[in-house]
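First comes the structure, then the notes that go with it.
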Amino acid sequence: MKPFHILIPCGGTGGHLFPGIAVAEKLIEKGHHPLLILSDKPVDREAIKNKKNIAWDSLPVAGWPGLFSSKIISFSIKLFDGYKKCRSIFLSFKPDLILAFGGFISALPLFMGANRKLPMLIHEANAVPGLVTRLFSNRADFLLLGMEECEVSLSPDKKIFTGIPIRKELSRLPRNEACQRTGLEPSRKTLFVFGGSQGASGINRLMLQLLPLWIEQKETIQFIHLTGPNDYEDCLKAYSSYGYRVVVEPFSHRMNLYYSLADLVISRAGAMTLTEICAFGLPSILIPYPYAAHDHQTKNARVLAKEKAAFVFEESKTTPQSLKESIDLILNNGQLAKEMGAAAHALFKADATDKIVEIIERCLLKKEN
């Protein structure tokens with residue numbers, strides 16, 4: 001098969017970007033030329049900085065603020081600048097196909113792709129389709145679903161359940177090796193806490209309130225906490241003041257180490273996060289982001305809860321004591337933790353990347369013929 005140019009808008013959040021990276025790496029292996037389109041957020045630069053083999057560009061665009069928002073003027077200016085930049089990318093890169101991972105970054109490339117009658121695929125990771133997916137799904141050749149439960153009005157022959165691609169570096173390491181590389185102890189129960197690529201202040205506050213309740217157990221437990229940039233210093237000071245064994249970072253490229261060590265994950269419920277938890281077969285306590293569009297994180301979390309793979313907490317109703325009780329229940333009950341982890345792993349689609357690449361090549365061959 002001859003090489004093709006595939007444009008992959010996938011920036012804005014780690015949940016959009018990391019699947020795009022996974023597919024791009026596989027396309028490069030097969031001789032194709034992918035180009036990632038990122039946002040101008042610092043989190044995108046941080047996530048892509050170690051991927052020297054992947055070509056990327058960025059668009060100066062922002063999410064829709066609402067018609068009567070005070071930000072509508074700045075949004076319009078960015079949209080115009082983004083349109084000019086996107087047009088320039090199309091003229092220089094000459095894409096043969098668009099693979100969009102949703103989010104505001106996908107809107108302009110999909111708009112231009114539709115006008116040029118290019119083959120277009122949209123991957124929707126969440127249980128609730130986002131605005132861009134709803135706007136462009138009828139123009140796409142196929143809608144690729146990260147979750148079978150995703151409800152979208154589209155003919156069944158255009159919907160394909162692929163699962164969500166994960167980065168190839170996310171492979172399990174032996175526990176002892178992971179401990180040597182992080183300075184943690186293999187014998188301690190390990191709680192891995194994070195809130196996505198930008199952190200989660202609500203989860204961080206809950207954890208800081210929990211720390212005094214574990215003082216008597218501090219010789220048997222250890223923490224990995226990815227705080228995001230805003231709460232890093234406060235969290236680091238709090239763990240240090242209580243004398244816990246802990247790794248605290250604002251963001252990490254060592255997720256495989258941390259998942260390999262984790263006995264339990266506490267996190268938000270973005271689709272990418274849930275996929276990684278399932279890939280490693282881990283029990284989890286999920287605290288969905290309460291302001292996510294259409295409350296999609298709660299609906300994502302319910303997919304795992306339905307299969308008894310996770311406990312789900314509503315942030316506004318969660319107390320430190322109630323959260324601690326659930327954590328202790330899982331950490332102290334090996335059979336429960338094992339069953340939850342097995343249920344999570346059963347939800348993982350290990351062939352998601354290969355399946356998406358196969359669909360891309362099928363669409364390109366159809367275009368050629």
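Chain lettering (A, B, ...) mirrors the order of the structure tokens, residue numbering begins at 1 for each chain separately, and ligand numbering begins at 1 in order of display.
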Which of region 75-206 of chain A DSSP labels strand (DSSP E or B), written as a PyMOL selection string: chain A and resi 97-100+120-124+142-145+159-161+189-194
Contacts of Arg87 (chain A) at 9 Å (only C-alpha atoms; same-chain gap of 3+ positions) as a list of chain:residue names: A:Gly82, A:Tyr83, A:Lys84, A:Phe90, A:Leu91, A:Ser92, A:Leu108, A:Pro109, A:Met112
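Non-sequential neighbours of Thr162 (chain A) (distance at most 7 Å, separation of 5 or more positions within a chain, only C-alpha atoms) are Leu144, Leu145, Gly146, Ala352, Lys355 and Ile356 of chain A.
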Keeping only N, CA and C atoms, write the selected residues as a tab-separated table (two decimals), in the first residue's frame.
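Writing done, so here's again22.tsv:
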```tsv
chain	number	residue	atom	x	y	z
A	144	LEU	N	-16.23	6.17	15.08
A	144	LEU	CA	-15.55	5.12	15.84
A	144	LEU	C	-15.82	5.34	17.32
A	145	LEU	N	-16.36	4.34	17.98
A	145	LEU	CA	-16.81	4.49	19.37
A	145	LEU	C	-15.80	3.90	20.35
A	146	GLY	N	-15.46	4.70	21.35
A	146	GLY	CA	-14.62	4.19	22.42
A	146	GLY	C	-15.41	3.35	23.41
A	352	ALA	N	-7.53	-1.88	19.80
A	352	ALA	CA	-8.15	-0.63	19.33
A	352	ALA	C	-7.30	0.09	18.28
A	355	LYS	N	-7.26	-1.78	14.98
A	355	LYS	CA	-8.57	-1.73	14.32
A	355	LYS	C	-8.78	-0.38	13.63
A	356	ILE	N	-8.39	0.71	14.30
A	356	ILE	CA	-8.55	2.04	13.71
A	356	ILE	C	-7.68	2.21	12.48
```
Residues near Ile164 (chain A), cut-off 12 Å, only C-alpha atoms, skip fewer than 5 positions along chain, as a PyMOL selection string: chain A and resi 15-23+101+123-127+144-148+270-279+347-356
Nearby residues (only C-alpha atoms) at most 8 Å from region 209-213 of chain A, same-chain spacing under 5 positions excluded, as a list in words: Tyr239, Tyr242, Pro320, Gln321 and Lys324 of chain A
With N, CA and C atoms retained, write the just-selected residues as an mmCIF file, in the first residue's frame.
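For reference, again-v8.cif as written:
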```cif
data_model
loop_
_atom_site.group_PDB
_atom_site.id
_atom_site.type_symbol
_atom_site.label_atom_id
_atom_site.label_comp_id
_atom_site.auth_asym_id
_atom_site.auth_seq_id
_atom_site.Cartn_x
_atom_site.Cartn_y
_atom_site.Cartn_z
ATOM 1 N N TYR A 239 2.010 16.021 52.343
ATOM 2 C CA TYR A 239 2.521 14.654 52.485
ATOM 3 C C TYR A 239 3.800 14.649 53.328
ATOM 4 N N TYR A 242 3.280 15.051 57.167
ATOM 5 C CA TYR A 242 2.773 13.866 57.869
ATOM 6 C C TYR A 242 3.747 12.688 57.797
ATOM 7 N N PRO A 320 -14.253 13.007 53.506
ATOM 8 C CA PRO A 320 -13.003 12.259 53.677
ATOM 9 C C PRO A 320 -13.222 10.902 54.341
ATOM 10 N N GLN A 321 -14.125 10.852 55.328
ATOM 11 C CA GLN A 321 -14.358 9.595 56.039
ATOM 12 C C GLN A 321 -14.986 8.544 55.129
ATOM 13 N N LYS A 324 -12.385 7.287 52.718
ATOM 14 C CA LYS A 324 -11.410 6.418 53.388
ATOM 15 C C LYS A 324 -11.987 5.022 53.621
#
```
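Across the model, the gap from CA of Asp234 (chain A) to CA of Glu315 (chain A) is 20.0 Å.
Nearest to Tyr291 (chain A) of all the residues A:Ser76, A:Ser316, A:Gln335, A:Asn204 is A:Ser316, counting only C-alpha atoms.
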Each residue of region 250-311 of chain A with at least one atom at most 12 Å from region 38-59 of chain A should appear once, together with its nearest atom pair and the corresponding distance in Å (one decimal); atoms considered: only C-alpha atoms; ordering: chain, then increasing residue number; output as a tab-separated table.
```
residue	atom	partner	partner_atom	distance
A:Pro250	CA	A:Val43	CA	11.1
A:Phe251	CA	A:Glu46	CA	8.8
A:Ser252	CA	A:Ala47	CA	9.0
A:His253	CA	A:Ala47	CA	7.7
A:Arg254	CA	A:Ala47	CA	11.4
A:Met255	CA	A:Ala47	CA	11.9
```
From A:Leu206, A:Ile215, A:Ile360, A:Ile330, residue lying nearest Val265 (chain A) [only C-alpha atoms]: A:Ile330
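Across the model, the gap from CA of Arg167 (chain A) to CA of Leu191 (chain A) is 22.4 Å.
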Asp295 (chain A) environment, 12 Å, only C-alpha atoms, sequence neighbours closer than 2 positions dropped, as a ChimeraX atom specification: /A:126-130,269-270,287-293,297-302,314
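In this comparison, which uses only C-alpha atoms, the residue of A:Thr220, A:Lys168, A:Gly202, A:Pro119 approaching Lys317 (chain A) most closely is A:Gly202.
Considering the residues A:Val248, A:Leu282, A:Ala62, A:Leu261 and counting only C-alpha atoms, Glu233 (chain A) has its shortest atom-to-atom contact with A:Val248.
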Contacts of Asp96 (chain A) within 12 Å, only C-alpha atoms, excl. fewer than 6 positions in-chain, as a PDB file with N, CA, C and O atoms, in the first residue's frame:
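To be explicit, this is the file written out as around26.pdb:
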```pdb
ATOM      1  N   LYS A   2       0.596   2.198  -0.865  1.00  0.00           N
ATOM      2  CA  LYS A   2       1.427   3.400  -0.937  1.00  0.00           C
ATOM      3  C   LYS A   2       1.218   4.264   0.312  1.00  0.00           C
ATOM      4  O   LYS A   2       0.182   4.186   0.981  1.00  0.00           O
ATOM      5  N   PRO A   3       2.193   5.103   0.648  1.00  0.00           N
ATOM      6  CA  PRO A   3       2.044   5.979   1.819  1.00  0.00           C
ATOM      7  C   PRO A   3       0.959   7.033   1.589  1.00  0.00           C
ATOM      8  O   PRO A   3       0.816   7.553   0.490  1.00  0.00           O
ATOM      9  N   PHE A   4       0.222   7.338   2.652  1.00  0.00           N
ATOM     10  CA  PHE A   4      -0.801   8.377   2.598  1.00  0.00           C
ATOM     11  C   PHE A   4      -0.538   9.418   3.685  1.00  0.00           C
ATOM     12  O   PHE A   4       0.153   9.153   4.672  1.00  0.00           O
ATOM     13  N   HIS A   5      -1.129  10.596   3.492  1.00  0.00           N
ATOM     14  CA  HIS A   5      -1.051  11.681   4.466  1.00  0.00           C
ATOM     15  C   HIS A   5      -2.350  11.699   5.276  1.00  0.00           C
ATOM     16  O   HIS A   5      -3.429  11.903   4.705  1.00  0.00           O
ATOM     17  N   ILE A   6      -2.213  11.482   6.586  1.00  0.00           N
ATOM     18  CA  ILE A   6      -3.388  11.433   7.458  1.00  0.00           C
ATOM     19  C   ILE A   6      -3.293  12.565   8.473  1.00  0.00           C
ATOM     20  O   ILE A   6      -2.320  12.664   9.233  1.00  0.00           O
ATOM     21  N   LEU A   7      -4.279  13.429   8.461  1.00  0.00           N
ATOM     22  CA  LEU A   7      -4.336  14.555   9.402  1.00  0.00           C
ATOM     23  C   LEU A   7      -5.115  14.119  10.632  1.00  0.00           C
ATOM     24  O   LEU A   7      -6.244  13.617  10.523  1.00  0.00           O
ATOM     25  N   ILE A   8      -4.511  14.315  11.818  1.00  0.00           N
ATOM     26  CA  ILE A   8      -5.112  13.815  13.060  1.00  0.00           C
ATOM     27  C   ILE A   8      -5.273  14.961  14.060  1.00  0.00           C
ATOM     28  O   ILE A   8      -4.384  15.219  14.885  1.00  0.00           O
ATOM     29  N   HIS A  32       3.030   5.283   6.577  1.00  0.00           N
ATOM     30  CA  HIS A  32       2.216   6.455   6.269  1.00  0.00           C
ATOM     31  C   HIS A  32       2.805   7.715   6.924  1.00  0.00           C
ATOM     32  O   HIS A  32       3.753   7.641   7.713  1.00  0.00           O
ATOM     33  N   HIS A  33       2.200   8.862   6.607  1.00  0.00           N
ATOM     34  CA  HIS A  33       2.690  10.147   7.099  1.00  0.00           C
ATOM     35  C   HIS A  33       1.573  10.856   7.873  1.00  0.00           C
ATOM     36  O   HIS A  33       0.802  11.625   7.289  1.00  0.00           O
ATOM     37  N   PRO A  34       1.473  10.636   9.174  1.00  0.00           N
ATOM     38  CA  PRO A  34       0.472  11.352   9.970  1.00  0.00           C
ATOM     39  C   PRO A  34       0.981  12.719  10.406  1.00  0.00           C
ATOM     40  O   PRO A  34       2.193  12.926  10.543  1.00  0.00           O
ATOM     41  N   LEU A  35       0.056  13.640  10.585  1.00  0.00           N
ATOM     42  CA  LEU A  35       0.366  14.952  11.149  1.00  0.00           C
ATOM     43  C   LEU A  35      -0.658  15.232  12.243  1.00  0.00           C
ATOM     44  O   LEU A  35      -1.865  15.306  11.969  1.00  0.00           O
ATOM     45  N   PHE A  90      -3.663  22.601   5.344  1.00  0.00           N
ATOM     46  CA  PHE A  90      -4.251  21.797   4.280  1.00  0.00           C
ATOM     47  C   PHE A  90      -3.505  21.981   2.958  1.00  0.00           C
ATOM     48  O   PHE A  90      -3.273  21.017   2.215  1.00  0.00           O
ATOM     49  N   GLY A 113     -12.217  19.490   5.729  1.00  0.00           N
ATOM     50  CA  GLY A 113     -12.218  18.161   5.123  1.00  0.00           C
ATOM     51  C   GLY A 113     -13.536  17.864   4.435  1.00  0.00           C
ATOM     52  O   GLY A 113     -13.563  17.285   3.331  1.00  0.00           O
ATOM     53  N   ARG A 116     -13.813  19.655   1.161  1.00  0.00           N
ATOM     54  CA  ARG A 116     -12.951  19.071   0.129  1.00  0.00           C
ATOM     55  C   ARG A 116     -13.349  17.633  -0.186  1.00  0.00           C
ATOM     56  O   ARG A 116     -12.670  16.960  -0.961  1.00  0.00           O
ATOM     57  N   LYS A 117     -14.423  17.163   0.445  1.00  0.00           N
ATOM     58  CA  LYS A 117     -14.935  15.800   0.234  1.00  0.00           C
ATOM     59  C   LYS A 117     -13.869  14.732   0.505  1.00  0.00           C
ATOM     60  O   LYS A 117     -13.771  13.714  -0.204  1.00  0.00           O
ATOM     61  N   LEU A 118     -13.067  14.965   1.553  1.00  0.00           N
ATOM     62  CA  LEU A 118     -12.073  13.975   1.959  1.00  0.00           C
ATOM     63  C   LEU A 118     -12.732  12.887   2.810  1.00  0.00           C
ATOM     64  O   LEU A 118     -13.721  13.143   3.497  1.00  0.00           O
ATOM     65  N   PRO A 119     -12.179  11.679   2.794  1.00  0.00           N
ATOM     66  CA  PRO A 119     -12.651  10.670   3.750  1.00  0.00           C
ATOM     67  C   PRO A 119     -12.421  11.182   5.175  1.00  0.00           C
ATOM     68  O   PRO A 119     -11.359  11.735   5.474  1.00  0.00           O
ATOM     69  N   MET A 120     -13.426  10.999   6.041  1.00  0.00           N
ATOM     70  CA  MET A 120     -13.309  11.515   7.415  1.00  0.00           C
ATOM     71  C   MET A 120     -13.802  10.458   8.407  1.00  0.00           C
ATOM     72  O   MET A 120     -14.858   9.847   8.220  1.00  0.00           O
ATOM     73  N   LEU A 121     -12.998  10.284   9.449  1.00  0.00           N
ATOM     74  CA  LEU A 121     -13.364   9.411  10.563  1.00  0.00           C
ATOM     75  C   LEU A 121     -13.367  10.250  11.828  1.00  0.00           C
ATOM     76  O   LEU A 121     -12.473  11.084  12.029  1.00  0.00           O
ATOM     77  N   ILE A 360      -8.788   3.042   8.647  1.00  0.00           N
ATOM     78  CA  ILE A 360      -8.174   4.130   7.875  1.00  0.00           C
ATOM     79  C   ILE A 360      -7.725   3.620   6.504  1.00  0.00           C
ATOM     80  O   ILE A 360      -8.034   4.205   5.466  1.00  0.00           O
ATOM     81  N   GLU A 361      -6.996   2.508   6.496  1.00  0.00           N
ATOM     82  CA  GLU A 361      -6.468   1.987   5.235  1.00  0.00           C
ATOM     83  C   GLU A 361      -7.591   1.512   4.316  1.00  0.00           C
ATOM     84  O   GLU A 361      -7.508   1.658   3.088  1.00  0.00           O
ATOM     85  N   CYS A 363     -10.591   2.841   4.136  1.00  0.00           N
ATOM     86  CA  CYS A 363     -11.171   4.052   3.555  1.00  0.00           C
ATOM     87  C   CYS A 363     -10.279   4.641   2.465  1.00  0.00           C
ATOM     88  O   CYS A 363     -10.764   5.120   1.431  1.00  0.00           O
ATOM     89  N   LEU A 364      -8.968   4.580   2.677  1.00  0.00           N
ATOM     90  CA  LEU A 364      -8.044   5.126   1.690  1.00  0.00           C
ATOM     91  C   LEU A 364      -8.020   4.294   0.407  1.00  0.00           C
ATOM     92  O   LEU A 364      -7.955   4.842  -0.702  1.00  0.00           O
ATOM     93  N   LEU A 365      -8.105   2.976   0.566  1.00  0.00           N
ATOM     94  CA  LEU A 365      -8.149   2.102  -0.605  1.00  0.00           C
ATOM     95  C   LEU A 365      -9.432   2.342  -1.404  1.00  0.00           C
ATOM     96  O   LEU A 365      -9.424   2.361  -2.644  1.00  0.00           O
ATOM     97  N   LYS A 366     -10.525   2.533  -0.697  1.00  0.00           N
ATOM     98  CA  LYS A 366     -11.803   2.817  -1.352  1.00  0.00           C
ATOM     99  C   LYS A 366     -11.713   4.130  -2.131  1.00  0.00           C
ATOM    100  O   LYS A 366     -12.207   4.250  -3.256  1.00  0.00           O
ATOM    101  N   LYS A 367     -11.049   5.122  -1.537  1.00  0.00           N
ATOM    102  CA  LYS A 367     -10.870   6.414  -2.212  1.00  0.00           C
ATOM    103  C   LYS A 367     -10.043   6.251  -3.488  1.00  0.00           C
ATOM    104  O   LYS A 367     -10.341   6.839  -4.529  1.00  0.00           O
ATOM    105  N   GLU A 368      -8.991   5.423  -3.416  1.00  0.00           N
ATOM    106  CA  GLU A 368      -8.116   5.213  -4.566  1.00  0.00           C
ATOM    107  C   GLU A 368      -8.848   4.536  -5.715  1.00  0.00           C
ATOM    108  O   GLU A 368      -8.576   4.804  -6.880  1.00  0.00           O
TER     109      GLU A 368
END
```
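One finds CA of Met340 (chain A) at 16.0 Å from CA of Ser260 (chain A).
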Per-residue DSSP, region 324-365 of chain A, filtered to alpha helix (DSSP H), as number ranges by chain: A: 324-331, 334-346, 352-365
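Distance annotation: of A:Leu264, A:Leu304, A:Cys179, A:Leu173, the residue with the minimal separation from Asn333 (chain A) is A:Leu264; atom set is only C-alpha atoms.
Ranking A:Lys308, A:Phe313, A:Ile359, A:Lys30 by their shortest atom-to-atom distance to Leu336 (chain A), with only C-alpha atoms included, puts A:Lys308 first.
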